[in-house]
$ cat start-v1.pdb   # PDB, C-alpha atoms
MODEL        1
ATOM      1  CA  MET L 198       0.000   0.000   0.000
ATOM      2  CA  LYS L 199       1.348   3.418  -0.991
ATOM      3  CA  LYS L 200       1.902   6.061   1.671
ATOM      4  CA  TRP L 201      -0.890   8.358   0.470
ATOM      5  CA  GLN L 202      -3.309   5.401   0.479
ATOM      6  CA  THR L 203      -2.391   4.681   4.105
ATOM      7  CA  TYR L 204      -3.060   8.345   4.899
ATOM      8  CA  LEU L 205      -6.540   8.064   3.361
ATOM      9  CA  VAL L 206      -7.218   4.908   5.395
ATOM     10  CA  LEU L 207      -6.193   6.713   8.594
ATOM     11  CA  VAL L 208      -8.438   9.685   7.799
ATOM     12  CA  PHE L 209     -11.316   7.251   7.226
ATOM     13  CA  ILE L 210     -10.617   5.502  10.544
ATOM     14  CA  MET L 211     -10.516   8.801  12.433
ATOM     15  CA  MET L 212     -13.824   9.839  10.891
ATOM     16  CA  ILE L 213     -15.383   6.537  12.048
ATOM     17  CA  TRP L 214     -13.901   6.871  15.550
ATOM     18  CA  GLY L 215     -14.896  10.518  15.816
ATOM     19  CA  PHE L 216     -18.497   9.859  14.800
ATOM     20  CA  ASN L 217     -18.489   6.844  17.136
ATOM     21  CA  VAL L 218     -18.256   9.125  20.204
ATOM     22  CA  PRO L 219     -21.802  10.564  19.790
ATOM     23  CA  ALA L 220     -22.949   7.054  18.790
ATOM     24  CA  LEU L 221     -21.584   5.685  22.073
ATOM     25  CA  LYS L 222     -23.275   8.452  24.023
ATOM     26  CA  THR L 223     -26.576   7.550  22.351
ATOM     27  CA  LEU L 224     -26.151   3.846  23.151
ATOM     28  CA  VAL L 225     -25.173   4.300  26.805
ATOM     29  CA  THR L 226     -28.087   6.707  27.261
ATOM     30  CA  GLU L 227     -30.648   4.399  25.625
ATOM     31  CA  PHE L 228     -29.424   1.243  27.407
ATOM     32  CA  THR L 229     -27.684   0.523  30.703
ATOM     33  CA  PRO L 230     -24.109   1.632  29.925
ATOM     34  CA  VAL L 231     -21.975  -1.257  31.223
ATOM     35  CA  THR L 232     -24.191  -4.048  29.849
ATOM     36  CA  ILE L 233     -24.513  -2.592  26.341
ATOM     37  CA  THR L 234     -20.785  -1.800  26.274
ATOM     38  CA  SER L 235     -19.850  -5.383  27.170
ATOM     39  CA  LEU L 236     -22.107  -6.743  24.416
ATOM     40  CA  ARG L 237     -20.736  -4.235  21.886
ATOM     41  CA  ILE L 238     -17.126  -5.140  22.670
ATOM     42  CA  PHE L 239     -17.855  -8.887  22.593
ATOM     43  CA  THR L 240     -19.430  -8.439  19.158
ATOM     44  CA  ALA L 241     -16.326  -6.550  18.055
ATOM     45  CA  GLY L 242     -14.043  -9.296  19.404
ATOM     46  CA  VAL L 243     -15.959 -12.024  17.575
ATOM     47  CA  THR L 244     -15.793  -9.920  14.395
ATOM     48  CA  VAL L 245     -12.007  -9.634  14.734
ATOM     49  CA  PHE L 246     -11.635 -13.415  15.124
ATOM     50  CA  ILE L 247     -13.866 -14.078  12.096
ATOM     51  CA  ILE L 248     -11.748 -11.724   9.956
ATOM     52  CA  LEU L 249      -8.451 -13.138  11.254
ATOM     53  CA  GLY L 250      -9.807 -16.666  10.846
ATOM     54  CA  ILE L 251     -10.430 -16.001   7.169
ATOM     55  CA  MET L 252      -6.880 -14.581   6.961
ATOM     56  CA  LYS L 253      -5.582 -17.668   8.837
ATOM     57  CA  LYS L 254      -3.949 -15.481  11.494
ATOM     58  CA  VAL L 255      -5.500 -17.077  14.599
ATOM     59  CA  ARG L 256      -3.293 -19.070  16.972
ATOM     60  CA  LYS L 257      -3.172 -19.956  20.660
ATOM     61  CA  PRO L 258      -1.126 -17.496  22.766
ATOM     62  CA  THR L 259       1.801 -18.583  24.935
ATOM     63  CA  LYS L 260       1.715 -18.273  28.742
ATOM     64  CA  ARG L 261       3.738 -15.050  28.581
ATOM     65  CA  GLU L 262       1.433 -13.636  25.898
ATOM     66  CA  SER L 263      -1.612 -14.630  27.983
ATOM     67  CA  ILE L 264      -0.343 -12.430  30.834
ATOM     68  CA  PHE L 265      -0.132  -9.485  28.434
ATOM     69  CA  ILE L 266      -3.641 -10.269  27.152
ATOM     70  CA  ILE L 267      -5.053 -10.237  30.701
ATOM     71  CA  GLY L 268      -3.227  -7.032  31.683
ATOM     72  CA  GLY L 269      -4.057  -5.279  28.429
ATOM     73  CA  GLY L 270      -7.663  -6.474  28.563
ATOM     74  CA  LEU L 271      -8.199  -5.189  32.102
ATOM     75  CA  LEU L 272      -6.801  -1.755  31.203
ATOM     76  CA  ASN L 273      -7.661  -1.331  27.523
ATOM     77  CA  VAL L 274     -11.120  -2.881  27.640
ATOM     78  CA  VAL L 275     -12.503  -3.164  31.190
ATOM     79  CA  SER L 276     -11.239   0.050  32.799
ATOM     80  CA  HIS L 277     -11.214   2.111  29.608
ATOM     81  CA  HIS L 278     -14.703   1.187  28.413
ATOM     82  CA  TYR L 279     -16.299   1.053  31.877
ATOM     83  CA  PHE L 280     -15.309   4.614  32.765
ATOM     84  CA  LEU L 281     -15.968   5.809  29.207
ATOM     85  CA  SER L 282     -19.493   4.362  29.053
ATOM     86  CA  VAL L 283     -20.443   5.695  32.502
ATOM     87  CA  GLY L 284     -18.621   8.997  31.996
ATOM     88  CA  LEU L 285     -20.416   9.745  28.715
ATOM     89  CA  THR L 286     -23.769   9.540  30.530
ATOM     90  CA  LEU L 287     -22.615  12.372  32.819
ATOM     91  CA  THR L 288     -20.900  14.703  30.353
ATOM     92  CA  THR L 289     -21.372  15.954  26.801
ATOM     93  CA  SER L 290     -20.152  14.098  23.733
ATOM     94  CA  THR L 291     -18.128  17.198  22.831
ATOM     95  CA  ASN L 292     -16.194  17.203  26.102
ATOM     96  CA  GLY L 293     -15.786  13.440  25.929
ATOM     97  CA  GLY L 294     -14.331  13.563  22.432
ATOM     98  CA  LEU L 295     -11.903  16.340  23.264
ATOM     99  CA  ILE L 296     -10.614  14.666  26.438
ATOM    100  CA  LEU L 297     -10.141  11.434  24.482
ATOM    101  CA  GLY L 298      -7.932  13.472  22.157
ATOM    102  CA  THR L 299      -5.227  13.621  24.833
ATOM    103  CA  GLY L 300      -4.526   9.892  24.429
ATOM    104  CA  PRO L 301      -1.311  10.293  22.387
ATOM    105  CA  LEU L 302       0.089  12.774  24.924
ATOM    106  CA  LEU L 303      -0.624  10.474  27.845
ATOM    107  CA  THR L 304       0.889   7.531  25.960
ATOM    108  CA  ALA L 305       4.074   9.489  25.249
ATOM    109  CA  LEU L 306       4.285  10.629  28.877
ATOM    110  CA  LEU L 307       3.788   7.121  30.295
ATOM    111  CA  ALA L 308       6.338   5.707  27.858
ATOM    112  CA  SER L 309       8.822   8.292  29.095
ATOM    113  CA  ILE L 310       8.209   7.299  32.729
ATOM    114  CA  LEU L 311       7.711   3.526  32.516
ATOM    115  CA  LEU L 312      10.075   2.746  29.638
ATOM    116  CA  ARG L 313      12.574   5.358  30.829
ATOM    117  CA  ASN L 314      12.570   7.186  27.530
ATOM    118  CA  ARG L 315      13.727  10.611  28.657
ATOM    119  CA  PRO L 316      11.427  13.252  27.121
ATOM    120  CA  THR L 317      12.966  15.977  24.992
ATOM    121  CA  VAL L 318      12.234  19.665  25.392
ATOM    122  CA  ILE L 319       9.806  19.535  22.474
ATOM    123  CA  LYS L 320       7.883  16.643  24.084
ATOM    124  CA  VAL L 321       7.705  18.461  27.423
ATOM    125  CA  ILE L 322       6.265  21.468  25.604
ATOM    126  CA  GLY L 323       3.741  19.085  24.048
ATOM    127  CA  PHE L 324       2.662  17.767  27.463
ATOM    128  CA  ILE L 325       2.144  21.335  28.705
ATOM    129  CA  LEU L 326       0.168  22.394  25.617
ATOM    130  CA  GLY L 327      -2.025  19.295  25.881
ATOM    131  CA  GLY L 328      -2.709  20.006  29.559
ATOM    132  CA  ILE L 329      -3.683  23.593  28.725
ATOM    133  CA  GLY L 330      -6.038  22.295  26.035
ATOM    134  CA  VAL L 331      -7.831  19.852  28.342
ATOM    135  CA  SER L 332      -8.040  22.479  31.112
ATOM    136  CA  THR L 333      -9.582  24.939  28.667
ATOM    137  CA  ILE L 334     -12.274  22.406  27.757
ATOM    138  CA  VAL L 335     -13.299  21.159  31.208
ATOM    139  CA  LEU L 336     -13.156  24.629  32.781
ATOM    140  CA  SER L 337     -14.961  26.326  29.894
ATOM    141  CA  GLY L 338     -17.988  26.954  32.095
ATOM    142  CA  GLY L 339     -15.947  29.495  33.994
ATOM    143  CA  GLU L 340     -17.053  28.195  37.409
ATOM    144  CA  GLY L 341     -13.662  26.982  38.627
ATOM    145  CA  LEU L 342     -12.254  23.665  39.776
ATOM    146  CA  GLY L 343     -14.897  23.148  42.441
ATOM    147  CA  ASN L 344     -17.561  22.480  39.796
ATOM    148  CA  LEU L 345     -15.740  20.067  37.497
ATOM    149  CA  ASN L 346     -18.032  17.487  35.923
ATOM    150  CA  GLY L 347     -17.576  13.999  37.344
ATOM    151  CA  GLY L 348     -18.203  12.611  33.861
ATOM    152  CA  ASP L 349     -15.163  14.505  32.550
ATOM    153  CA  ALA L 350     -13.033  12.881  35.265
ATOM    154  CA  MET L 351     -14.313   9.414  34.323
ATOM    155  CA  VAL L 352     -13.564   9.964  30.640
ATOM    156  CA  PHE L 353     -10.044  11.066  31.601
ATOM    157  CA  ILE L 354      -9.560   7.902  33.702
ATOM    158  CA  SER L 355     -10.717   5.844  30.724
ATOM    159  CA  ILE L 356      -8.176   7.379  28.339
ATOM    160  CA  PHE L 357      -5.437   7.143  30.988
ATOM    161  CA  SER L 358      -6.153   3.405  31.352
ATOM    162  CA  GLN L 359      -5.990   2.981  27.602
ATOM    163  CA  ALA L 360      -2.708   4.897  27.369
ATOM    164  CA  LEU L 361      -1.237   2.699  30.105
ATOM    165  CA  SER L 362      -2.358  -0.409  28.235
ATOM    166  CA  PHE L 363      -0.448   0.730  25.138
ATOM    167  CA  ILE L 364       2.789   0.182  27.093
ATOM    168  CA  ILE L 365       1.768  -3.432  27.692
ATOM    169  CA  ILE L 366       0.584  -3.859  24.108
ATOM    170  CA  SER L 367       3.854  -2.504  22.680
ATOM    171  CA  ARG L 368       5.765  -5.233  24.529
ATOM    172  CA  ALA L 369       3.314  -8.017  23.664
ATOM    173  CA  ALA L 370       3.322  -7.039  19.975
ATOM    174  CA  LYS L 371       6.964  -8.172  19.684
ATOM    175  CA  THR L 372       5.803 -11.798  19.494
ATOM    176  CA  LEU L 373       2.015 -11.594  19.015
ATOM    177  CA  ASP L 374       0.264 -10.008  16.019
ATOM    178  CA  PRO L 375      -1.343  -6.759  17.326
ATOM    179  CA  ARG L 376      -4.564  -7.593  15.487
ATOM    180  CA  LEU L 377      -4.810 -11.002  17.179
ATOM    181  CA  LEU L 378      -3.875  -9.410  20.508
ATOM    182  CA  THR L 379      -6.753  -6.961  19.986
ATOM    183  CA  GLY L 380      -9.206  -9.819  19.412
ATOM    184  CA  TYR L 381      -8.180 -11.693  22.554
ATOM    185  CA  MET L 382      -8.336  -8.528  24.680
ATOM    186  CA  LEU L 383     -11.780  -7.578  23.350
ATOM    187  CA  VAL L 384     -13.312 -10.993  24.123
ATOM    188  CA  PHE L 385     -11.625 -11.344  27.541
ATOM    189  CA  GLY L 386     -12.440  -7.777  28.588
ATOM    190  CA  SER L 387     -16.056  -7.965  27.406
ATOM    191  CA  VAL L 388     -16.696 -11.043  29.582
ATOM    192  CA  ILE L 389     -15.343  -9.217  32.653
ATOM    193  CA  LEU L 390     -17.434  -6.148  31.807
ATOM    194  CA  PHE L 391     -20.548  -8.299  31.402
ATOM    195  CA  CYS L 392     -20.016  -9.784  34.879
ATOM    196  CA  ILE L 393     -19.636  -6.274  36.310
ATOM    197  CA  GLY L 394     -22.860  -5.292  34.534
ATOM    198  CA  LEU L 395     -24.751  -8.204  36.079
ATOM    199  CA  VAL L 396     -23.862  -6.836  39.536
ATOM    200  CA  THR L 397     -24.202  -3.087  38.954
ATOM    201  CA  GLU L 398     -27.071  -3.262  36.427
ATOM    202  CA  PRO L 399     -29.229  -6.298  37.369
ATOM    203  CA  GLU L 400     -32.001  -5.271  34.933
ATOM    204  CA  GLY L 401     -29.634  -4.415  32.085
ATOM    205  CA  LEU L 402     -30.578  -7.389  29.893
ATOM    206  CA  THR L 403     -34.320  -6.812  30.254
ATOM    207  CA  GLN L 404     -33.990  -3.320  28.738
ATOM    208  CA  LEU L 405     -32.588  -4.717  25.498
ATOM    209  CA  SER L 406     -35.939  -6.039  24.268
ATOM    210  CA  GLY L 407     -37.502  -2.597  23.926
ATOM    211  CA  ALA L 408     -34.873  -1.151  21.581
ATOM    212  CA  SER L 409     -35.718  -0.046  18.057
ATOM    213  CA  ILE L 410     -34.214  -1.512  14.873
ATOM    214  CA  GLY L 411     -32.381   1.766  14.278
ATOM    215  CA  MET L 412     -30.727   1.527  17.691
ATOM    216  CA  TRP L 413     -29.532  -2.022  16.977
ATOM    217  CA  MET L 414     -28.167  -0.893  13.602
ATOM    218  CA  LEU L 415     -26.212   1.795  15.437
ATOM    219  CA  PHE L 416     -24.970  -0.872  17.865
ATOM    220  CA  ILE L 417     -23.765  -3.153  15.049
ATOM    221  CA  ALA L 418     -22.075  -0.295  13.183
ATOM    222  CA  SER L 419     -20.266   0.843  16.340
ATOM    223  CA  ALA L 420     -19.143  -2.687  17.259
ATOM    224  CA  MET L 421     -18.161  -4.100  13.873
ATOM    225  CA  LEU L 422     -16.996  -0.991  12.033
ATOM    226  CA  ALA L 423     -15.581   1.398  14.658
ATOM    227  CA  THR L 424     -14.288  -1.034  17.286
ATOM    228  CA  ALA L 425     -13.355  -4.156  15.287
ATOM    229  CA  VAL L 426     -12.339  -2.992  11.797
ATOM    230  CA  GLY L 427     -11.150   0.424  12.992
ATOM    231  CA  HIS L 428      -8.635  -0.966  15.483
ATOM    232  CA  MET L 429      -7.366  -3.592  13.051
ATOM    233  CA  LEU L 430      -6.756  -1.024  10.292
ATOM    234  CA  TYR L 431      -5.112   1.415  12.686
ATOM    235  CA  ASN L 432      -2.701  -1.232  13.991
ATOM    236  CA  HIS L 433      -1.872  -2.177  10.408
ATOM    237  CA  SER L 434      -1.244   1.482   9.556
ATOM    238  CA  ILE L 435       1.214   1.784  12.449
ATOM    239  CA  GLY L 436       3.166  -1.039  10.823
ATOM    240  CA  GLN L 437       3.148   0.876   7.531
ATOM    241  CA  LEU L 438       4.088   4.351   8.811
ATOM    242  CA  GLY L 439       5.393   3.953  12.361
ATOM    243  CA  ALA L 440       3.694   4.912  15.629
ATOM    244  CA  ALA L 441       4.837   8.555  15.646
ATOM    245  CA  GLU L 442       3.598   9.410  12.168
ATOM    246  CA  ALA L 443       0.351   7.459  12.542
ATOM    247  CA  SER L 444      -0.466   9.051  15.913
ATOM    248  CA  ILE L 445      -0.741  12.527  14.404
ATOM    249  CA  PHE L 446      -3.953  11.404  12.709
ATOM    250  CA  LEU L 447      -5.545  10.874  16.140
ATOM    251  CA  ASN L 448      -6.082  14.646  16.138
ATOM    252  CA  LEU L 449      -8.720  14.082  13.477
ATOM    253  CA  ASN L 450     -10.554  11.758  15.881
ATOM    254  CA  THR L 451     -11.141  14.759  18.124
ATOM    255  CA  PHE L 452     -12.118  16.960  15.168
ATOM    256  CA  PHE L 453     -14.660  14.464  13.831
ATOM    257  CA  SER L 454     -16.122  13.867  17.306
ATOM    258  CA  LEU L 455     -16.886  17.593  17.478
ATOM    259  CA  ILE L 456     -18.508  17.513  14.045
ATOM    260  CA  GLY L 457     -20.458  14.372  14.921
ATOM    261  CA  ALA L 458     -21.730  15.832  18.204
ATOM    262  CA  ALA L 459     -22.895  18.967  16.397
ATOM    263  CA  ILE L 460     -24.600  17.063  13.548
ATOM    264  CA  PHE L 461     -26.174  14.100  15.363
ATOM    265  CA  LEU L 462     -26.749  15.422  18.895
ATOM    266  CA  GLY L 463     -27.193  19.139  18.247
ATOM    267  CA  GLU L 464     -24.482  20.066  20.757
ATOM    268  CA  LYS L 465     -23.013  23.545  20.494
ATOM    269  CA  ILE L 466     -19.356  24.039  19.639
ATOM    270  CA  THR L 467     -18.050  27.061  21.553
ATOM    271  CA  SER L 468     -14.939  29.170  21.109
ATOM    272  CA  TYR L 469     -13.510  27.463  24.227
ATOM    273  CA  HIS L 470     -13.807  24.069  22.539
ATOM    274  CA  LEU L 471     -12.020  25.344  19.430
ATOM    275  CA  LEU L 472      -9.280  26.968  21.518
ATOM    276  CA  GLY L 473      -8.831  23.762  23.533
ATOM    277  CA  LEU L 474      -8.748  21.750  20.315
ATOM    278  CA  LEU L 475      -5.993  24.021  18.956
ATOM    279  CA  PHE L 476      -3.828  23.457  22.052
ATOM    280  CA  ILE L 477      -4.448  19.686  21.925
ATOM    281  CA  ILE L 478      -3.403  19.530  18.257
ATOM    282  CA  MET L 479      -0.203  21.492  18.954
ATOM    283  CA  GLY L 480       0.433  19.322  21.996
ATOM    284  CA  VAL L 481       0.100  16.074  20.071
ATOM    285  CA  ILE L 482       2.358  17.317  17.263
ATOM    286  CA  CYS L 483       5.073  18.076  19.817
ATOM    287  CA  GLY L 484       4.408  15.351  22.388
ATOM    288  CA  ALA L 485       3.985  12.400  20.030
ATOM    289  CA  GLY L 486       7.374  13.043  18.429
ATOM    290  CA  THR L 487       5.976  13.995  15.030
ATOM    291  CA  LEU L 488       7.600  17.443  15.005
ATOM    292  CA  GLU L 489      10.982  15.962  15.941
ATOM    293  CA  GLU L 490      10.677  13.378  13.204
ATOM    294  CA  MET L 491       9.951  16.095  10.640
ATOM    295  CA  ILE L 492      12.970  18.134  11.806
ATOM    296  CA  ILE L 493      15.273  15.088  11.618
ATOM    297  CA  LYS L 494      14.043  14.194   8.126
ATOM    298  CA  ARG L 495      14.581  17.767   6.931
ATOM    299  CA  LYS L 496      18.132  17.816   8.317
ATOM    300  CA  ARG L 497      18.882  14.473   6.632
ATOM    301  CA  ASN L 498      17.539  15.708   3.299
ATOM    302  CA  ARG L 499      19.664  18.840   3.532
ATOM    303  CA  PHE L 500      22.726  16.736   4.389
ATOM    304  CA  TYR L 501      22.196  14.374   1.451
ATOM    305  CA  THR L 502      21.592  17.324  -0.893
ATOM    306  CA  LYS L 503      24.890  18.909   0.165
ATOM    307  CA  GLN L 504      26.681  15.583  -0.262
ATOM    308  CA  GLN L 505      25.331  15.172  -3.776
ATOM    309  CA  LYS L 506      26.373  18.715  -4.729
ATOM    310  CA  HIS L 507      29.806  18.098  -3.281
ATOM    311  CA  HIS L 508      30.352  14.989  -5.424
ATOM    312  CA  MET L 509      29.073  16.597  -8.603
TER     313      MET L 509
ENDMDL
END

$ encode --input "start-v1.pdb" --output "structure tokens"
Amino acid sequence: MKKWQTYLVLVFIMMIWGFNVPALKTLVTEFTPVTITSLRIFTAGVTVFIILGIMKKVRKPTKRESIFIIGGGLLNVVSHHYFLSVGLTLTTSTNGGLILGTGPLLTALLASILLRNRPTVIKVIGFILGGIGVSTIVLSGGEGLGNLNGGDAMVFISIFSQALSFIIISRAAKTLDPRLLTGYMLVFGSVILFCIGLVTEPEGLTQLSGASIGMWMLFIASAMLATAVGHMLYNHSIGQLGAAEASIFLNLNTFFSLIGAAIFLGEKITSYHLLGLLFIIMGVICGAGTLEEMIIKRKRNRFYTKQQKHHM
């Protein structure tokens, strides 16, 4: 696949993920959040295994890989989706989408701490800009820290859990195909979430019978397209471009979530949201290493150009 084709695929994925934020808010509002989330993720996991089965990519994990699957599943699926599904019932889709946009920054920060990759000045600037962006969003009501929305805090915990899981996934991916790892984590995590739902939402299953056909179509699209196919294509794109270059497209996830919230839910996009989005974009460009990569490539090109002129 050519580079520009991979770029188009990533833009398509970000559009799906961005529009999936208001879709998730609709689903967790219509149904009990934990129960419907567990069923959605299980459907996504089964979809991944069907696709990988056709590709003949399914195999049994080793004991070491199973530990990574359990750890990644608890963080990436259980904690991430539990707090996201509950948090979206308490906050707006706009705020939720923008806070989720800090994922690359948190991943870079945790990699610096846990993997002892010392952050550069540019990355530190990125962390600061990202923090300013999130603060601008959640404090946009102008009422101060004492009135922060609990839903915003839950969404932040969900993206923090996911960022932490990426550290585990990066190590597991050395021996296990990331797409197969994703399938195992989705199925394992969805079963744990379902058990949690049985305790916290005892009447969750009984509410499913009253849903409309349109709501179930939204459920299937979110599970199979956004969660299953979206994650598989994104992991494949990382292999094509590298994590740093692919992560810059996550900014579009935030952009499309804003557009989706405005179109489908009628939420208002304020100047504070746009200002916060601007800081988040600048933060990701610096914090994810994309700016550094561009500078290094430019220096290399200049060096090779001078070398060629010298030998002419």

$ closest_residue --input "start-v1.pdb" --among "L:Leu472, L:Ile478, L:Val388, L:Ile267" --to "Thr333 of chain L" --atoms "all atoms listed in the file"
L:Leu472

$ residues_around --input "start-v1.pdb" --residues "Gln437 of chain L" --least-positions-apart "5" --cutoff "12 Å" --atoms "only C-alpha atoms" --output "ChimeraX atom specification"
/L:198-204,206-207,430-432,442-443

$ atom_distance --input "start-v1.pdb" --atom1 "atom CA of Glu464 of chain L" --atom2 "atom CA of Thr223 of chain L"
12.8 Å

$ atom_distance --input "start-v1.pdb" --atom1 "atom CA of Phe357 of chain L" --atom2 "atom CA of Thr299 of chain L"
8.9 Å

$ atom_distance --input "start-v1.pdb" --atom1 "atom CA of Cys392 of chain L" --atom2 "atom CA of Gly348 of chain L"
22.5 Å

$ resolve_selection --input "start-v1.pdb" --expression "the PyMOL selection byres ((chain L and resi 329) around 12)" --output "ChimeraX atom specification"
/L:296,299,322-328,330-337,469-470,472-480

$ closest_residue --input "start-v1.pdb" --among "L:Met491, L:Ala458, L:Ile233, L:Ala360" --to "Ala305 of chain L" --atoms "only C-alpha atoms"
L:Ala360

$ resolve_selection --input "start-v1.pdb" --expression "the PyMOL selection byres ((chain L and resi 246) around 12)" --output "number ranges by chain"
L: 239-245, 247-256, 376-384, 421, 425-426, 429

$ resolve_selection --input "start-v1.pdb" --expression "the PyMOL selection byres ((chain L and resi 216) around 10)" --output "MDAnalysis selection string"
chainID L and resid 210:215 217:221 294 419 423 450:458 460:461

$ closest_residue --input "start-v1.pdb" --among "L:Val321, L:Leu306, L:Leu285, L:Met412" --to "Ile364 of chain L" --atoms "all atoms listed in the file"
L:Leu306

$ axis_aligned_box --input "start-v1.pdb" --around "segment 426-433 of chain L" --padding-each-side "4 Å" --output "JSON"
{"center_x": -7.1, "center_y": -1.1, "center_z": 12.9, "size_x": 18.5, "size_y": 13.0, "size_z": 13.2}
